[in-house]
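File shown here: entry33.txt, holding compact mmCIF, C-alpha atoms.
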# COMPACT_ATOMS: atom_id res chain seq x y z
CA MET V 961 10.06 17.47 -19.32
CA ASN V 962 6.85 18.37 -17.49
CA GLU V 963 6.89 21.91 -16.18
CA ASN V 964 4.30 21.19 -13.47
CA SER V 965 7.12 20.45 -11.08
CA PRO V 966 10.91 20.54 -11.03
CA GLN V 967 10.64 16.94 -9.84
CA ALA V 968 9.43 15.71 -13.23
CA GLY V 969 12.91 14.46 -14.04
CA ILE V 970 12.74 12.31 -10.92
CA LEU V 971 9.49 10.77 -12.16
CA PHE V 972 11.11 9.83 -15.47
CA LYS V 973 13.90 8.01 -13.63
CA ARG V 974 11.39 6.23 -11.39
CA LEU V 975 9.37 5.11 -14.40
CA GLN V 976 12.52 3.52 -15.81
CA ALA V 977 12.71 1.37 -12.68
CA PHE V 978 9.05 0.25 -12.59
CA ASP V 979 8.86 -3.50 -13.03
CA PHE V 980 5.56 -3.47 -14.92
CA LEU V 981 6.89 -0.87 -17.37
CA ARG V 982 10.03 -2.84 -18.13
CA GLY V 983 10.81 -3.03 -21.83
CA LEU V 984 9.47 0.42 -22.66
CA ASP V 985 11.81 2.75 -24.54
CA ASP V 986 12.83 6.06 -23.00
CA GLU V 987 10.68 8.01 -25.46
CA SER V 988 7.51 6.27 -24.24
CA LEU V 989 8.49 6.75 -20.60
CA GLU V 990 9.21 10.40 -21.23
CA ARG V 991 5.74 10.87 -22.74
CA LEU V 992 4.22 9.37 -19.60
CA ALA V 993 6.29 11.65 -17.39
CA GLU V 994 5.36 14.71 -19.44
CA SER V 995 1.64 13.93 -19.14
CA ALA V 996 1.74 13.48 -15.34
CA ILE V 997 0.32 15.98 -12.87
CA TRP V 998 2.02 16.61 -9.52
CA LYS V 999 -0.10 16.98 -6.37
CA VAL V 1000 0.63 17.21 -2.67
CA PHE V 1001 -1.99 15.90 -0.24
CA PRO V 1002 -1.91 16.94 3.44
CA SER V 1003 -2.29 14.40 6.23
CA GLU V 1004 -5.80 12.86 6.36
CA ALA V 1005 -6.71 14.20 2.90
CA VAL V 1006 -8.66 11.85 0.64
CA VAL V 1007 -6.83 11.01 -2.58
CA PHE V 1008 -9.94 9.39 -4.04
CA TRP V 1009 -13.25 8.14 -2.65
CA GLU V 1010 -14.79 4.71 -2.90
CA GLY V 1011 -17.29 4.85 -5.74
CA ASP V 1012 -15.44 7.53 -7.70
CA VAL V 1013 -14.40 6.76 -11.27
CA GLU V 1014 -10.75 7.83 -11.21
CA SER V 1015 -9.04 8.38 -14.57
CA ASN V 1016 -5.44 8.43 -13.33
CA LEU V 1017 -2.75 5.98 -12.35
CA PHE V 1018 -1.04 7.12 -9.15
CA TYR V 1019 2.62 7.00 -8.16
CA LEU V 1020 3.44 7.84 -4.54
CA GLN V 1021 6.77 9.70 -4.55
CA TYR V 1022 6.84 10.38 -0.80
CA GLY V 1023 4.58 9.93 2.20
CA SER V 1024 2.23 7.04 3.03
CA LEU V 1025 -1.41 6.18 2.40
CA LYS V 1026 -4.05 3.72 3.55
CA VAL V 1027 -6.67 2.09 1.35
CA LEU V 1028 -9.86 1.30 3.22
CA LYS V 1029 -13.48 0.18 3.05
CA THR V 1030 -16.06 1.76 5.34
CA SER V 1031 -19.18 -0.01 6.62
CA PRO V 1032 -22.56 1.76 6.90
CA ASP V 1033 -21.98 2.16 10.67
CA GLY V 1034 -18.64 3.89 10.05
CA ARG V 1035 -16.28 1.04 10.90
CA GLU V 1036 -13.14 0.94 8.79
CA GLN V 1037 -11.29 -2.03 7.34
CA VAL V 1038 -7.87 -1.11 6.02
CA LEU V 1039 -7.08 -3.20 2.95
CA ARG V 1040 -3.47 -2.14 2.56
CA PHE V 1041 -0.91 0.52 3.32
CA ILE V 1042 0.93 2.20 0.44
CA ASP V 1043 4.52 3.31 0.93
CA ALA V 1044 6.66 5.69 -1.10
CA GLY V 1045 7.66 4.21 -4.44
CA GLU V 1046 4.43 2.28 -5.03
CA VAL V 1047 1.97 2.56 -7.91
CA PHE V 1048 -1.75 2.18 -7.27
CA ASN V 1049 -5.23 2.37 -8.87
CA GLU V 1050 -4.38 0.06 -11.76
CA ILE V 1051 -7.89 -1.43 -11.69
CA GLY V 1052 -9.61 1.95 -11.64
CA VAL V 1053 -7.57 3.43 -14.45
CA LEU V 1054 -7.75 0.43 -16.80
CA ALA V 1055 -11.20 -1.03 -16.04
CA LYS V 1056 -12.90 2.39 -16.01
CA ARG V 1057 -15.04 1.30 -13.08
CA PRO V 1058 -15.79 2.96 -9.74
CA ASN V 1059 -13.04 2.60 -7.16
CA PRO V 1060 -13.74 -0.28 -4.77
CA ALA V 1061 -12.13 1.56 -1.84
CA THR V 1062 -11.02 4.97 -0.53
CA ALA V 1063 -7.38 6.10 -0.46
CA MET V 1064 -6.34 8.52 2.28
CA ALA V 1065 -3.04 10.17 3.19
CA LEU V 1066 -1.55 9.20 6.56
CA GLU V 1067 0.95 12.04 6.33
CA GLU V 1068 1.79 14.71 3.78
CA SER V 1069 2.17 12.80 0.54
CA GLY V 1070 3.47 13.81 -2.89
CA ILE V 1071 1.74 11.93 -5.70
CA TRP V 1072 2.08 11.84 -9.48
CA LEU V 1073 -1.15 11.40 -11.45
CA ILE V 1074 -0.61 9.72 -14.82
CA PRO V 1075 -3.68 10.15 -17.08
CA ARG V 1076 -5.49 7.09 -18.43
CA GLN V 1077 -5.17 8.28 -22.03
CA SER V 1078 -1.38 8.41 -21.81
CA LEU V 1079 -1.22 4.96 -20.24
CA GLU V 1080 -3.59 3.50 -22.85
CA GLU V 1081 -1.44 4.87 -25.68
CA VAL V 1082 1.60 3.13 -24.23
CA VAL V 1083 -0.27 -0.14 -23.66
CA LEU V 1084 -1.64 -0.19 -27.21
CA ALA V 1085 1.83 0.46 -28.65
CA HIS V 1086 3.54 -2.06 -26.33
CA PRO V 1087 1.30 -5.10 -25.63
CA GLN V 1088 3.91 -6.69 -23.36
CA THR V 1089 3.42 -3.81 -20.96
CA ALA V 1090 -0.24 -4.79 -20.65
CA LEU V 1091 0.83 -8.27 -19.56
CA HIS V 1092 3.16 -6.84 -16.91
CA ILE V 1093 0.35 -4.63 -15.58
CA ILE V 1094 -1.99 -7.63 -15.44
CA GLU V 1095 0.61 -9.59 -13.47
CA ASN V 1096 0.92 -6.70 -11.03
CA MET V 1097 -2.87 -6.53 -10.61
CA ALA V 1098 -3.07 -10.31 -10.11
CA ASP V 1099 -0.56 -10.10 -7.25
CA LYS V 1100 -2.75 -7.53 -5.50
CA ILE V 1101 -5.88 -9.64 -6.01
CA ILE V 1102 -4.08 -12.57 -4.36
CA GLU V 1103 -3.20 -10.30 -1.43
CA LEU V 1104 -6.87 -9.35 -1.02
CA VAL V 1105 -7.95 -13.00 -1.14
CA THR V 1106 -5.39 -13.81 1.55
CA LEU V 1107 -6.64 -10.90 3.66
CA ALA V 1108 -10.24 -12.11 3.36
CA ALA V 1109 -9.22 -15.62 4.41
CA ASP V 1110 -7.23 -14.34 7.39
CA LEU V 1111 -10.12 -12.15 8.58
CA SER V 1112 -12.49 -15.10 8.37
CA LEU V 1113 -10.32 -17.91 9.70
CA LYS V 1114 -7.66 -16.46 11.99
CA THR V 1115 -7.76 -14.82 15.40
CA VAL V 1116 -6.61 -11.24 15.93
CA GLU V 1117 -3.49 -12.61 17.63
CA ALA V 1118 -2.69 -14.83 14.65
CA ARG V 1119 -3.28 -11.97 12.19
CA PHE V 1120 -1.07 -9.60 14.19
CA ALA V 1121 1.72 -12.16 14.55
CA LYS V 1122 1.62 -12.86 10.82
CA LEU V 1123 1.72 -9.16 9.99
CA LEU V 1124 4.77 -8.68 12.20
CA LEU V 1125 6.62 -11.56 10.56
CA GLU V 1126 5.78 -10.31 7.07
CA SER V 1127 6.78 -6.71 7.83
CA VAL V 1128 10.00 -7.15 9.76
CA GLU V 1129 13.44 -6.52 8.30
CA GLY V 1130 15.87 -8.15 10.66
CA ASP V 1131 14.14 -8.29 14.03
CA THR V 1132 12.86 -4.70 14.38
CA ILE V 1133 9.86 -2.85 12.93
CA GLU V 1134 9.40 0.89 13.09
CA ARG V 1135 5.95 1.58 14.51
CA ARG V 1136 5.67 4.65 12.28
CA ARG V 1137 4.83 2.32 9.41
CA TRP V 1138 1.32 2.01 10.82
CA THR V 1139 1.10 5.57 12.20
CA ASN V 1140 -0.72 4.55 15.39
CA GLN V 1141 -2.51 1.68 17.09
CA THR V 1142 -5.88 2.73 15.71
CA GLU V 1143 -4.60 2.41 12.14
CA LEU V 1144 -3.02 -0.94 12.93
CA ALA V 1145 -6.23 -2.23 14.49
CA ALA V 1146 -8.17 -1.20 11.38
CA ARG V 1147 -5.65 -3.07 9.23
CA LEU V 1148 -6.26 -6.21 11.31
CA GLY V 1149 -10.04 -5.90 11.28
CA THR V 1150 -10.36 -5.29 15.02
CA VAL V 1151 -10.54 -2.47 17.57
CA PRO V 1152 -7.69 -0.87 19.57
CA ASP V 1153 -8.71 -2.42 22.92
CA VAL V 1154 -8.55 -5.94 21.53
CA LEU V 1155 -5.22 -5.24 19.83
CA SER V 1156 -3.82 -3.85 23.10
CA ARG V 1157 -4.67 -7.08 24.87
CA VAL V 1158 -2.96 -9.09 22.13
CA ILE V 1159 0.19 -6.95 22.35
CA ARG V 1160 0.28 -7.35 26.13
CA GLU V 1161 -0.09 -11.13 25.81
CA LEU V 1162 2.68 -11.45 23.23
CA THR V 1163 4.91 -9.18 25.30
CA LYS V 1164 4.21 -11.19 28.47
CA ALA V 1165 5.11 -14.38 26.58
CA ARG V 1166 8.45 -12.77 25.63
CA LEU V 1167 7.72 -13.12 21.94
CA ILE V 1168 7.96 -9.39 21.23
CA GLU V 1169 9.20 -6.22 22.91
CA VAL V 1170 7.41 -2.92 22.31
CA ASP V 1171 8.35 0.71 22.85
CA LYS V 1172 7.06 3.98 21.38
CA GLN V 1173 9.17 3.73 18.24
CA HIS V 1174 9.72 0.03 17.60
CA ILE V 1175 8.42 -3.51 17.87
CA ARG V 1176 11.17 -6.10 18.29
CA ILE V 1177 10.71 -9.79 17.63
CA LEU V 1178 12.36 -11.81 20.40
CA ASP V 1179 11.19 -15.30 19.44
CA ARG V 1180 10.52 -15.75 15.72
CA ALA V 1181 9.59 -19.44 15.99
CA GLY V 1182 7.18 -18.78 18.83
CA LEU V 1183 5.60 -15.89 16.94
CA ALA V 1184 5.21 -18.09 13.83
CA GLU V 1185 3.36 -20.63 15.98
CA ARG V 1186 0.99 -17.91 17.21
CA ALA V 1187 0.54 -16.79 13.60
CA MET V 1188 -0.67 -20.31 12.75
CA LEU V 1189 1.99 -20.60 10.06
CA ARG V 1190 3.16 -23.99 8.86
CA ASP V 1191 6.55 -24.91 7.53
CA GLY V 1192 6.73 -25.83 3.87

Can the structure from this file be put into structure tokens for me?
Amino acid sequence: MNENSPQAGILFKRLQAFDFLRGLDDESLERLAESAIWKVFPSEAVVFWEGDVESNLFYLQYGSLKVLKTSPDGREQVLRFIDAGEVFNEIGVLAKRPNPATAMALEESGIWLIPRQSLEEVVLAHPQTALHIIENMADKIIELVTLAADLSLKTVEARFAKLLLESVEGDTIERRRWTNQTELAARLGTVPDVLSRVIRELTKARLIEVDKQHIRILDRAGLAERAMLRDG
């Protein structure tokens, strides 16, 4: 196994569980693990910049990241958050084109970098893996299309309500998932002051309850109505 890190054995086991690598034999997965490079990024470090041509597939073993676009005036639009256990940069590594966005660590994050050459060897030897990767990329494209539609057609309140409903497990969300209100506002395509007003309104309407650590959904049906969601 890779001697870059004693955690290389962990990477091999994680690769076995990756949905888009299903069907690969252990020998192929082991070659991927052996080729990987282990890096730790401190909080606020840039993993890669928009416009860079990045030749690695990334696997986030621990920590959290944000993927964002920045306007000429410095305003940020967060496209997605990446949690531990996720793979990213499929488009960059396979299309060999400049990254469409910047990836930045929200906290200390441990990341495996799997080189393009190693991934290409596996794809050429196992065409079904290429289809799984394409399916994974298609899902992310659909997410971006949905985000673009929401930013264009929905209010900040509707976008926030929808995000809560999509993120909740049970009725409680840990606020740590978004780090702080500034990050959450960037994810919703707004500014903190506007988001604060939305949170106050939803709290006043007894749809949610907010403290420093959690957001609790008190009225799921009412929140779905604010999110402009339709049944069926």

For this session: Within 12 Å of (8.3, 4.5, -24.4) (coordinates as in the file), grab all the protein and nucleic acid residues, counting all atoms listed in the file, and write them out as a list in words.
Result: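 Output: Phe972, Leu975, Gln976, Leu981, Arg982, Gly983, Leu984, Asp985, Asp986, Glu987, Ser988, Leu989, Glu990, Arg991, Leu992, Ala993, Glu994, Ser1078, Leu1079, Glu1081, Val1082, Val1083, Leu1084, Ala1085, His1086, Pro1087 and Thr1089 of chain V.
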
Exercise. With distances taken over only C-alpha atoms, which of V:Gln1077, V:Gly1182, V:Ser1024, V:His1174 is nearest to V:Val1128?
Worked result: V:His1174

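A straight line drawn from atom CA of V:Glu1103 to atom CA of V:Glu1117 is 19.2 Å long.
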
Problem set entry | Using all atoms listed in the file: which of V:Ser1112, V:Gln1088, V:Gln1021, V:Thr1030 has the shortest distance to V:Phe1001 |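 Residue with the minimum atom-to-atom distance to V:Phe1001: V:Gln1021.
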
For this session: Compare V:Leu1125, V:Ile1102, V:Val1116, V:Leu1028 by their minimum atom-to-atom distance to V:Ser1156, counting only C-alpha atoms, and give me the closest one.
Result: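 Among V:Leu1125, V:Ile1102, V:Val1116, V:Leu1028, it is V:Val1116 that comes nearest to V:Ser1156.
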
Exercise. Quick one: residues within 12 Å of V:Glu1185, only C-alpha atoms counted, chain neighbours fewer than 5 positions away excluded, as an MDAnalysis selection string?
Worked result: chainID V and resid 1117:1119 1121:1122 1125 1162 1167 1179:1180 1190:1191

Can you write out the residues you just picked, keeping C-alpha atoms, as a PDB file, in the frame of the given file?
ATOM      1  CA  GLU V1117      -3.490 -12.610  17.630  1.00  0.00           C
ATOM      2  CA  ALA V1118      -2.690 -14.830  14.650  1.00  0.00           C
ATOM      3  CA  ARG V1119      -3.280 -11.970  12.190  1.00  0.00           C
ATOM      4  CA  ALA V1121       1.720 -12.160  14.550  1.00  0.00           C
ATOM      5  CA  LYS V1122       1.620 -12.860  10.820  1.00  0.00           C
ATOM      6  CA  LEU V1125       6.620 -11.560  10.560  1.00  0.00           C
ATOM      7  CA  LEU V1162       2.680 -11.450  23.230  1.00  0.00           C
ATOM      8  CA  LEU V1167       7.720 -13.120  21.940  1.00  0.00           C
ATOM      9  CA  ASP V1179      11.190 -15.300  19.440  1.00  0.00           C
ATOM     10  CA  ARG V1180      10.520 -15.750  15.720  1.00  0.00           C
ATOM     11  CA  ARG V1190       3.160 -23.990   8.860  1.00  0.00           C
ATOM     12  CA  ASP V1191       6.550 -24.910   7.530  1.00  0.00           C
TER      13      ASP V1191
END

Problem set entry | For V:Ile997: contacts at 8 Å, only C-alpha atoms, fewer than 2 positions along chain excluded, given as a list of chain:residue names |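 The residues that qualify are V:Asn964, V:Ser995, V:Lys999, V:Trp1072, V:Leu1073, V:Ile1074.
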
Grab the residues selected above and save them as an mmCIF file, in the coordinates of the input with C-alpha atoms.
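So the final result, stored in again29.cif, reads:
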data_model
loop_
_atom_site.group_PDB
_atom_site.id
_atom_site.type_symbol
_atom_site.label_atom_id
_atom_site.label_comp_id
_atom_site.auth_asym_id
_atom_site.auth_seq_id
_atom_site.Cartn_x
_atom_site.Cartn_y
_atom_site.Cartn_z
ATOM 1 C CA ASN V 964 4.300 21.190 -13.470
ATOM 2 C CA SER V 995 1.640 13.930 -19.140
ATOM 3 C CA LYS V 999 -0.100 16.980 -6.370
ATOM 4 C CA TRP V 1072 2.080 11.840 -9.480
ATOM 5 C CA LEU V 1073 -1.150 11.400 -11.450
ATOM 6 C CA ILE V 1074 -0.610 9.720 -14.820
#

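Atom to atom, atom CA of V:Glu1134 and atom CA of V:Gly1045 stand 17.9 Å apart.
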
For this session: Determine, counting only C-alpha atoms, every residue of protein, DNA or RNA that lies within 9 Å of (-13.0, 9.6, -15.5) in the file coordinates, then give the result as a list in words.
Result: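 Protein and nucleic acid residues near the point are Asp1012, Val1013, Glu1014, Ser1015, Asn1016, Val1053, Lys1056, Arg1057 and Arg1076 of chain V.
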
Grab all the atoms of stretch 1144-1161 of chain V that the file lists, wrap them in a box along x, y and z, add 3 Å per side, and give me centre plus edge lengths in Å (one decimal) as JSON.
{"center_x": -5.1, "center_y": -6.0, "center_z": 17.7, "size_x": 16.8, "size_y": 16.3, "size_z": 22.9}

Problem set entry | V:Val1006, V:Ile1094, V:Leu1148, V:Met1064 ranked by distance to V:Thr1115, top pick (using all atoms listed in the file) |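 Closest residue, counting all atoms listed in the file: V:Leu1148.
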
Exercise. What is the atom CA of V:Leu1124-atom CA of V:Gln1141 distance in Å, reported with one decimal?
Worked result: 13.6 Å

Exercise. Which one is closest to V:Thr1142: V:Leu1107, V:Tyr1019, V:Asp1171, V:Glu1036? Count only C-alpha atoms.
Worked result: V:Glu1036

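Among the candidate residues V:Leu1183, V:Met1188, V:Leu1091, V:Leu1113, the one lying nearest to V:Glu1169 is V:Leu1183, with distances computed using only C-alpha atoms.
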
Kindly write all heavy atoms of stretch 1028-1040 of chain V from the structure just given to a file, as a tab-separated table (two decimals), in the first residue's frame.
chain	number	residue	atom	x	y	z
V	1028	LEU	N	-17.10	27.43	-5.00
V	1028	LEU	CA	-17.69	28.74	-5.24
V	1028	LEU	C	-17.21	29.39	-6.52
V	1028	LEU	O	-16.14	29.08	-7.05
V	1028	LEU	CB	-17.39	29.67	-4.07
V	1028	LEU	CG	-15.91	30.05	-3.89
V	1028	LEU	CD1	-15.79	31.49	-3.41
V	1028	LEU	CD2	-15.23	29.12	-2.89
V	1029	LYS	N	-18.05	30.30	-7.02
V	1029	LYS	CA	-17.70	31.21	-8.11
V	1029	LYS	C	-17.58	32.61	-7.52
V	1029	LYS	O	-18.33	32.97	-6.60
V	1029	LYS	CB	-18.78	31.20	-9.19
V	1029	LYS	CG	-18.96	29.87	-9.90
V	1029	LYS	CD	-17.94	29.66	-10.99
V	1029	LYS	CE	-18.21	30.53	-12.20
V	1029	LYS	NZ	-17.29	30.25	-13.32
V	1030	THR	N	-16.67	33.40	-8.05
V	1030	THR	CA	-16.48	34.76	-7.56
V	1030	THR	C	-16.68	35.74	-8.71
V	1030	THR	O	-16.11	35.58	-9.79
V	1030	THR	CB	-15.07	34.94	-6.98
V	1030	THR	OG1	-14.86	33.96	-5.95
V	1030	THR	CG2	-14.90	36.32	-6.37
V	1031	SER	N	-17.49	36.78	-8.47
V	1031	SER	CA	-17.74	37.80	-9.48
V	1031	SER	C	-16.59	38.80	-9.51
V	1031	SER	O	-15.78	38.86	-8.58
V	1031	SER	CB	-19.05	38.53	-9.17
V	1031	SER	OG	-18.90	39.30	-7.98
V	1032	PRO	N	-16.47	39.60	-10.56
V	1032	PRO	CA	-15.40	40.60	-10.64
V	1032	PRO	C	-15.37	41.56	-9.45
V	1032	PRO	O	-14.31	42.06	-9.08
V	1032	PRO	CB	-15.70	41.34	-11.95
V	1032	PRO	CG	-16.41	40.33	-12.79
V	1032	PRO	CD	-17.25	39.55	-11.82
V	1033	ASP	N	-16.55	41.82	-8.83
V	1033	ASP	CA	-16.58	42.73	-7.68
V	1033	ASP	C	-16.34	42.02	-6.35
V	1033	ASP	O	-16.45	42.61	-5.28
V	1033	ASP	CB	-17.91	43.50	-7.64
V	1033	ASP	CG	-19.11	42.58	-7.43
V	1033	ASP	OD1	-18.91	41.36	-7.29
V	1033	ASP	OD2	-20.25	43.09	-7.42
V	1034	GLY	N	-16.02	40.72	-6.42
V	1034	GLY	CA	-15.66	39.98	-5.21
V	1034	GLY	C	-16.80	39.24	-4.54
V	1034	GLY	O	-16.59	38.55	-3.54
V	1035	ARG	N	-18.00	39.31	-5.07
V	1035	ARG	CA	-19.13	38.62	-4.46
V	1035	ARG	C	-19.04	37.13	-4.75
V	1035	ARG	O	-18.71	36.72	-5.87
V	1035	ARG	CB	-20.45	39.17	-4.99
V	1035	ARG	CG	-21.67	38.51	-4.36
V	1035	ARG	CD	-22.95	39.23	-4.75
V	1035	ARG	NE	-24.10	38.55	-4.22
V	1035	ARG	CZ	-25.35	38.99	-4.35
V	1035	ARG	NH1	-25.58	40.12	-5.00
V	1035	ARG	NH2	-26.35	38.31	-3.87
V	1036	GLU	N	-19.33	36.32	-3.74
V	1036	GLU	CA	-19.24	34.88	-3.88
V	1036	GLU	C	-20.61	34.24	-4.05
V	1036	GLU	O	-21.59	34.67	-3.46
V	1036	GLU	CB	-18.58	34.25	-2.64
V	1036	GLU	CG	-17.12	34.58	-2.46
V	1036	GLU	CD	-16.51	33.88	-1.26
V	1036	GLU	OE1	-17.25	33.15	-0.56
V	1036	GLU	OE2	-15.31	34.05	-1.02
V	1037	GLN	N	-20.66	33.21	-4.89
V	1037	GLN	CA	-21.83	32.34	-4.98
V	1037	GLN	C	-21.35	30.92	-4.72
V	1037	GLN	O	-20.57	30.36	-5.50
V	1037	GLN	CB	-22.48	32.41	-6.36
V	1037	GLN	CG	-23.56	31.35	-6.59
V	1037	GLN	CD	-24.71	31.50	-5.63
V	1037	GLN	OE1	-25.34	32.55	-5.56
V	1037	GLN	NE2	-25.01	30.45	-4.87
V	1038	VAL	N	-21.76	30.36	-3.59
V	1038	VAL	CA	-21.39	28.99	-3.26
V	1038	VAL	C	-22.24	28.04	-4.08
V	1038	VAL	O	-23.48	28.11	-4.04
V	1038	VAL	CB	-21.56	28.72	-1.76
V	1038	VAL	CG1	-21.25	27.25	-1.45
V	1038	VAL	CG2	-20.62	29.61	-0.95
V	1039	LEU	N	-21.60	27.16	-4.82
V	1039	LEU	CA	-22.32	26.20	-5.66
V	1039	LEU	C	-22.70	24.95	-4.91
V	1039	LEU	O	-23.76	24.37	-5.14
V	1039	LEU	CB	-21.46	25.82	-6.88
V	1039	LEU	CG	-21.01	26.98	-7.77
V	1039	LEU	CD1	-20.14	26.46	-8.90
V	1039	LEU	CD2	-22.22	27.73	-8.33
V	1040	ARG	N	-21.85	24.55	-3.99
V	1040	ARG	CA	-22.16	23.36	-3.18
V	1040	ARG	C	-21.20	23.28	-2.02
V	1040	ARG	O	-20.13	23.90	-2.02
V	1040	ARG	CB	-22.06	22.08	-4.02
V	1040	ARG	CG	-20.70	21.81	-4.63
V	1040	ARG	CD	-20.66	20.55	-5.46
V	1040	ARG	NE	-20.80	19.35	-4.68
V	1040	ARG	CZ	-20.04	18.26	-4.84
V	1040	ARG	NH1	-19.09	18.24	-5.77
V	1040	ARG	NH2	-20.22	17.19	-4.12
